[in-house]
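**Student:** This structure is in structure tokens; I'll ask about it shortly.
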Amino acid sequence: MTAEATASAPVRRWERLPVAARIAIVYVAARLVTTGFFLLASDLSGPGSRYGVAPSLGELSLGWDAQWYWLAAVSGYPSDLPITTTGHVAENAWAFMPLYAYLAAGLGILLGSWGAGAVAISLASGYGACVVLHALLRDRIGASAAMWAVVFFACGPLAAMFQVGYAEALFLFLLFAALWCVQRRRWGWLYLLVPAMGFTRPGILAFALFLGLYGIHRFLRRRIDALPTREIAHIVALGAVSTVVGFAWQTIAAVVTGQPGAYLSTELAWRRNWIPGDSGTFVPVEGWVQAAGFWFTQWGLGPVAGYVFLALLVTAVVLVLVTLPPVKALGIEVRLWSASYLVYLLLVFFPQSSIFRLLLPVSPLVGALAVPRSRAWRVGVLAAALLGQWWWIYNMYALGNTYWQIP
């Protein structure tokens, strides 16, 4: 047997495996690496960290926002909003959607604790998200590139979210499934997926915008891609459902607390920790403008530099989504969703350390990094992803205790 034949045998065995099995191998290997990073972070955690000296994996997995999901599951949502000494609404559980919290509680009955249920759901959802991501990208960029996209996604800088008590992994699984349904025009499933997404984490209003843009795109191309009346009805109906679901949690919070602005006041409570003297009112895009001035002042560059940077950043993102060939190769669904979600963030978010986590819903764009066929390029991207993952875990968990170390 020649050396070439010997070398190609493992490749053939790998390719004969079902796609789901290959993704499972990749995913398990990635989770082992992440676990190693967490163990190293535990060894490096000291008295200055919020976790203290040598925290366990369980403590690391259930830190930060996981505590809010746990609180919602065991105590419910407050009917009386907590108030700070300055008279403003304080941080409370209304900022965290109920589906993940209660699913974790239900599974936790079988597994012994809420934390075990939460981590199990995140692990399973992360694998499901990888499988659906591959299906979403395979017909656009090819099976090999789609598998590399899964590798980058499973090993990415925020891959710790697949094994901690956050709702991100579950939301990504539901979101990727919804995008796949739009891509394949399987409209029926979306009537289940949209409400599930809407009660998992914020972002469903971005999906409503995405459906609107997608409908306009299909209408403009109706001569070359038929747009039957039935599909028009589904797109309009699902856009309406997404909008209603997007405001449902705000309405529920208002009814339970008797405060019409309960949800927005709760969300803005976190911003007041960053901007002293903040008005506590919501104005679209204001968060990014405030943050640009705040952060660039903290870095000694002044607010004007921040505003210029923000304008250049928005311009660069638009150019990437509209003109970059590897991004265009991902298909119109991924591009329109990414644009919609980024517009949503621009309208409602105050960027701080959690911006990296909040960008996870545009993860299908990672497929653009897998389009180049160069093995050196792909290995380099993987190395950068793992390095970024370690940097994030080290700062947010080993050192996490200051205003810029909140996941």
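Each chain of the structure tokens is named A, B, ... in the order shown, its residues numbered from 1; ligands are numbered from 1 in display order.
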Skip range 232-244 of chain A itself and residues of its chain fewer than 4 positions away, then list as an MDAnalysis selection string all residues within 10 Å of it, counting only C-alpha atoms.

**Tutor:** chainID A and resid 182 185:188 190:191 193:195 197:198 203:212 214:215 218:219 227:228 248:249 251

**Student:** Using only C-alpha atoms, which residues sit within 7 Å of range 91-95 of chain A once same-chain residues fewer than 4 positions away are excluded, as a list in words?

**Tutor:**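 The contact residues come out as Trp68, Ala72, Tyr77, Ala253, Tyr263, Thr266, Glu267, Ala269 and Trp270 of chain A.
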
**Student:** Can you tell me, as a list of chain:residue names, what residues are no more than 8 Å from Leu336 in chain A when counting only C-alpha atoms, ignoring any on the same chain fewer than 3 positions away?

**Tutor:**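 Here the answer would be A:Phe210, A:Leu213, A:Tyr214, A:Ile332, A:Glu333, A:Ala339, A:Ser340.
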
**Student:** Calculate how many Å separate CA of Asp139 in chain A from CA of Val320 in chain A, rounding to one decimal.

**Tutor:** 21.3 Å

**Student:** I'd like the contact shell of range 55-62 of chain A - 12 Å cut-off, only C-alpha atoms, skipping same-chain residues fewer than 6 positions apart - returned as number ranges by chain.

**Tutor:** A: 34-47, 49, 68-71, 113-120, 122-123, 160-167, 393-394, 396-400, 407

**Student:** Next, the residues of the selection above should be written as a compact mmCIF listing (two decimals), in the first residue's frame with N, CA and C atoms.

**Tutor:**
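That gives us out.txt:
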# COMPACT_ATOMS: atom_id res chain seq x y z
N THR A 34 -12.84 23.44 25.64
CA THR A 34 -13.42 24.50 26.46
C THR A 34 -13.36 24.13 27.94
N THR A 35 -13.64 22.86 28.25
CA THR A 35 -13.55 22.41 29.63
C THR A 35 -12.12 22.58 30.16
N GLY A 36 -11.14 22.27 29.32
CA GLY A 36 -9.75 22.48 29.72
C GLY A 36 -9.47 23.95 30.01
N PHE A 37 -10.01 24.83 29.17
CA PHE A 37 -9.84 26.27 29.41
C PHE A 37 -10.49 26.69 30.73
N PHE A 38 -11.65 26.14 31.03
CA PHE A 38 -12.31 26.46 32.29
C PHE A 38 -11.49 25.96 33.48
N LEU A 39 -10.94 24.77 33.37
CA LEU A 39 -10.11 24.24 34.46
C LEU A 39 -8.88 25.10 34.67
N LEU A 40 -8.27 25.56 33.58
CA LEU A 40 -7.12 26.44 33.68
C LEU A 40 -7.52 27.77 34.31
N ALA A 41 -8.68 28.29 33.90
CA ALA A 41 -9.18 29.53 34.48
C ALA A 41 -9.42 29.36 35.98
N SER A 42 -9.91 28.19 36.39
CA SER A 42 -10.11 27.93 37.81
C SER A 42 -8.79 27.97 38.57
N ASP A 43 -7.76 27.37 38.00
CA ASP A 43 -6.44 27.39 38.63
C ASP A 43 -5.90 28.82 38.77
N LEU A 44 -6.23 29.68 37.81
CA LEU A 44 -5.71 31.05 37.80
C LEU A 44 -6.61 32.02 38.55
N SER A 45 -7.80 31.58 38.93
CA SER A 45 -8.73 32.46 39.64
C SER A 45 -8.21 32.73 41.05
N GLY A 46 -8.21 33.99 41.42
CA GLY A 46 -7.70 34.37 42.73
C GLY A 46 -8.72 35.10 43.56
N PRO A 47 -8.31 35.63 44.70
CA PRO A 47 -9.25 36.32 45.59
C PRO A 47 -9.89 37.55 44.97
N SER A 49 -11.12 37.70 41.93
CA SER A 49 -12.20 37.29 41.04
C SER A 49 -13.50 37.14 41.82
N TRP A 68 -29.52 34.86 37.30
CA TRP A 68 -30.82 35.49 37.05
C TRP A 68 -31.82 34.47 36.51
N TYR A 69 -31.38 33.60 35.60
CA TYR A 69 -32.27 32.56 35.09
C TYR A 69 -32.70 31.63 36.23
N TRP A 70 -31.75 31.29 37.08
CA TRP A 70 -32.06 30.44 38.23
C TRP A 70 -33.08 31.13 39.14
N LEU A 71 -32.87 32.42 39.41
CA LEU A 71 -33.78 33.16 40.27
C LEU A 71 -35.18 33.19 39.67
N SER A 113 -30.70 19.03 39.86
CA SER A 113 -30.57 20.45 40.21
C SER A 113 -30.89 21.30 38.99
N TRP A 114 -31.25 22.56 39.25
CA TRP A 114 -31.49 23.49 38.15
C TRP A 114 -30.24 23.64 37.32
N GLY A 115 -29.09 23.75 37.95
CA GLY A 115 -27.84 23.95 37.23
C GLY A 115 -27.53 22.81 36.27
N ALA A 116 -27.77 21.57 36.71
CA ALA A 116 -27.52 20.43 35.83
C ALA A 116 -28.45 20.49 34.62
N GLY A 117 -29.71 20.85 34.85
CA GLY A 117 -30.64 20.98 33.73
C GLY A 117 -30.24 22.08 32.78
N ALA A 118 -29.78 23.22 33.32
CA ALA A 118 -29.39 24.36 32.48
C ALA A 118 -28.20 24.01 31.60
N VAL A 119 -27.18 23.40 32.18
CA VAL A 119 -25.98 23.07 31.40
C VAL A 119 -26.29 21.98 30.38
N ALA A 120 -27.13 21.02 30.74
CA ALA A 120 -27.50 19.96 29.79
C ALA A 120 -28.23 20.55 28.59
N SER A 122 -27.96 23.62 27.45
CA SER A 122 -26.98 24.37 26.66
C SER A 122 -26.12 23.45 25.81
N LEU A 123 -25.66 22.35 26.40
CA LEU A 123 -24.82 21.40 25.66
C LEU A 123 -25.59 20.79 24.48
N ALA A 160 -17.80 29.05 25.07
CA ALA A 160 -18.13 28.72 26.46
C ALA A 160 -19.64 28.78 26.70
N MET A 161 -20.37 29.53 25.87
CA MET A 161 -21.81 29.64 26.03
C MET A 161 -22.53 28.31 25.83
N PHE A 162 -21.83 27.33 25.23
CA PHE A 162 -22.44 26.03 25.01
C PHE A 162 -22.42 25.16 26.27
N GLN A 163 -21.78 25.60 27.32
CA GLN A 163 -21.73 24.78 28.52
C GLN A 163 -21.83 25.59 29.80
N VAL A 164 -22.59 26.70 29.72
CA VAL A 164 -22.90 27.48 30.92
C VAL A 164 -24.41 27.73 30.95
N GLY A 165 -24.89 28.24 32.07
CA GLY A 165 -26.32 28.42 32.27
C GLY A 165 -26.89 29.67 31.66
N TYR A 166 -26.61 29.89 30.40
CA TYR A 166 -27.14 31.02 29.64
C TYR A 166 -28.09 30.49 28.56
N ALA A 167 -29.01 31.35 28.11
CA ALA A 167 -30.00 30.95 27.11
C ALA A 167 -29.48 31.02 25.69
N ILE A 393 -12.51 33.51 28.22
CA ILE A 393 -12.74 32.76 29.47
C ILE A 393 -11.83 33.28 30.58
N TYR A 394 -10.59 33.58 30.25
CA TYR A 394 -9.64 34.07 31.26
C TYR A 394 -10.13 35.39 31.86
N MET A 396 -13.27 36.82 31.67
CA MET A 396 -14.62 36.83 32.22
C MET A 396 -14.78 35.90 33.42
N TYR A 397 -13.94 34.88 33.53
CA TYR A 397 -14.11 33.92 34.61
C TYR A 397 -12.93 33.88 35.57
N ALA A 398 -11.70 33.82 35.08
CA ALA A 398 -10.56 33.81 36.00
C ALA A 398 -10.38 35.16 36.68
N LEU A 399 -10.57 36.23 35.91
CA LEU A 399 -10.36 37.57 36.44
C LEU A 399 -11.66 38.32 36.70
N GLY A 400 -12.76 37.85 36.13
CA GLY A 400 -13.99 38.63 36.05
C GLY A 400 -14.46 39.23 37.36
N PRO A 407 -19.57 38.82 31.15
CA PRO A 407 -19.90 38.10 29.91
C PRO A 407 -21.29 38.43 29.39

**Student:** Between CA of Ile25 in chain A and CA of Gly380 in chain A, what is the distance, to one decimal in Å?

**Tutor:** 20.5 Å

**Student:** Determine, counting only C-alpha atoms, which protein, DNA and RNA residues have an atom within 9 Å of an atom of Ser363 in chain A; residues of the same chain fewer than 5 positions away are not included. Present the result as a list in words.

**Tutor:** Leu133, Phe153, Leu172 and Ser338 of chain A

**Student:** Find the residues around Leu382 in chain A up to 8 Å (only C-alpha atoms counted), leave out those fewer than 4 positions away in its own chain, and share them as an NGL selection string.

**Tutor:** :A and (151-152 or 155-156 or 378 or 386)

**Student:** So which residues touch Arg140 in chain A within 10 Å, counting only C-alpha atoms, skipping near sequence neighbours fewer than 6 positions away, as a CSV table (one decimal) with C-alpha atoms, in the first residue's frame?

**Tutor:**
chain,number,residue,atom,x,y,z
A,146,ALA,CA,-19.9,24.1,5.9
A,328,LYS,CA,-22.6,37.0,-0.4
A,329,ALA,CA,-21.9,33.3,-1.0
A,330,LEU,CA,-23.8,32.5,2.2
A,331,GLY,CA,-27.1,33.3,0.7
A,367,GLY,CA,-19.3,30.5,7.0
A,371,VAL,CA,-15.1,29.8,2.0

**Student:** So, counting only C-alpha atoms, which residue among A:Gly246, A:Pro364, A:Pro78, A:Pro98 is closest to Phe176 in chain A?

**Tutor:**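 Once distances to Phe176 in chain A are computed over only C-alpha atoms, the minimum belongs to A:Pro364.
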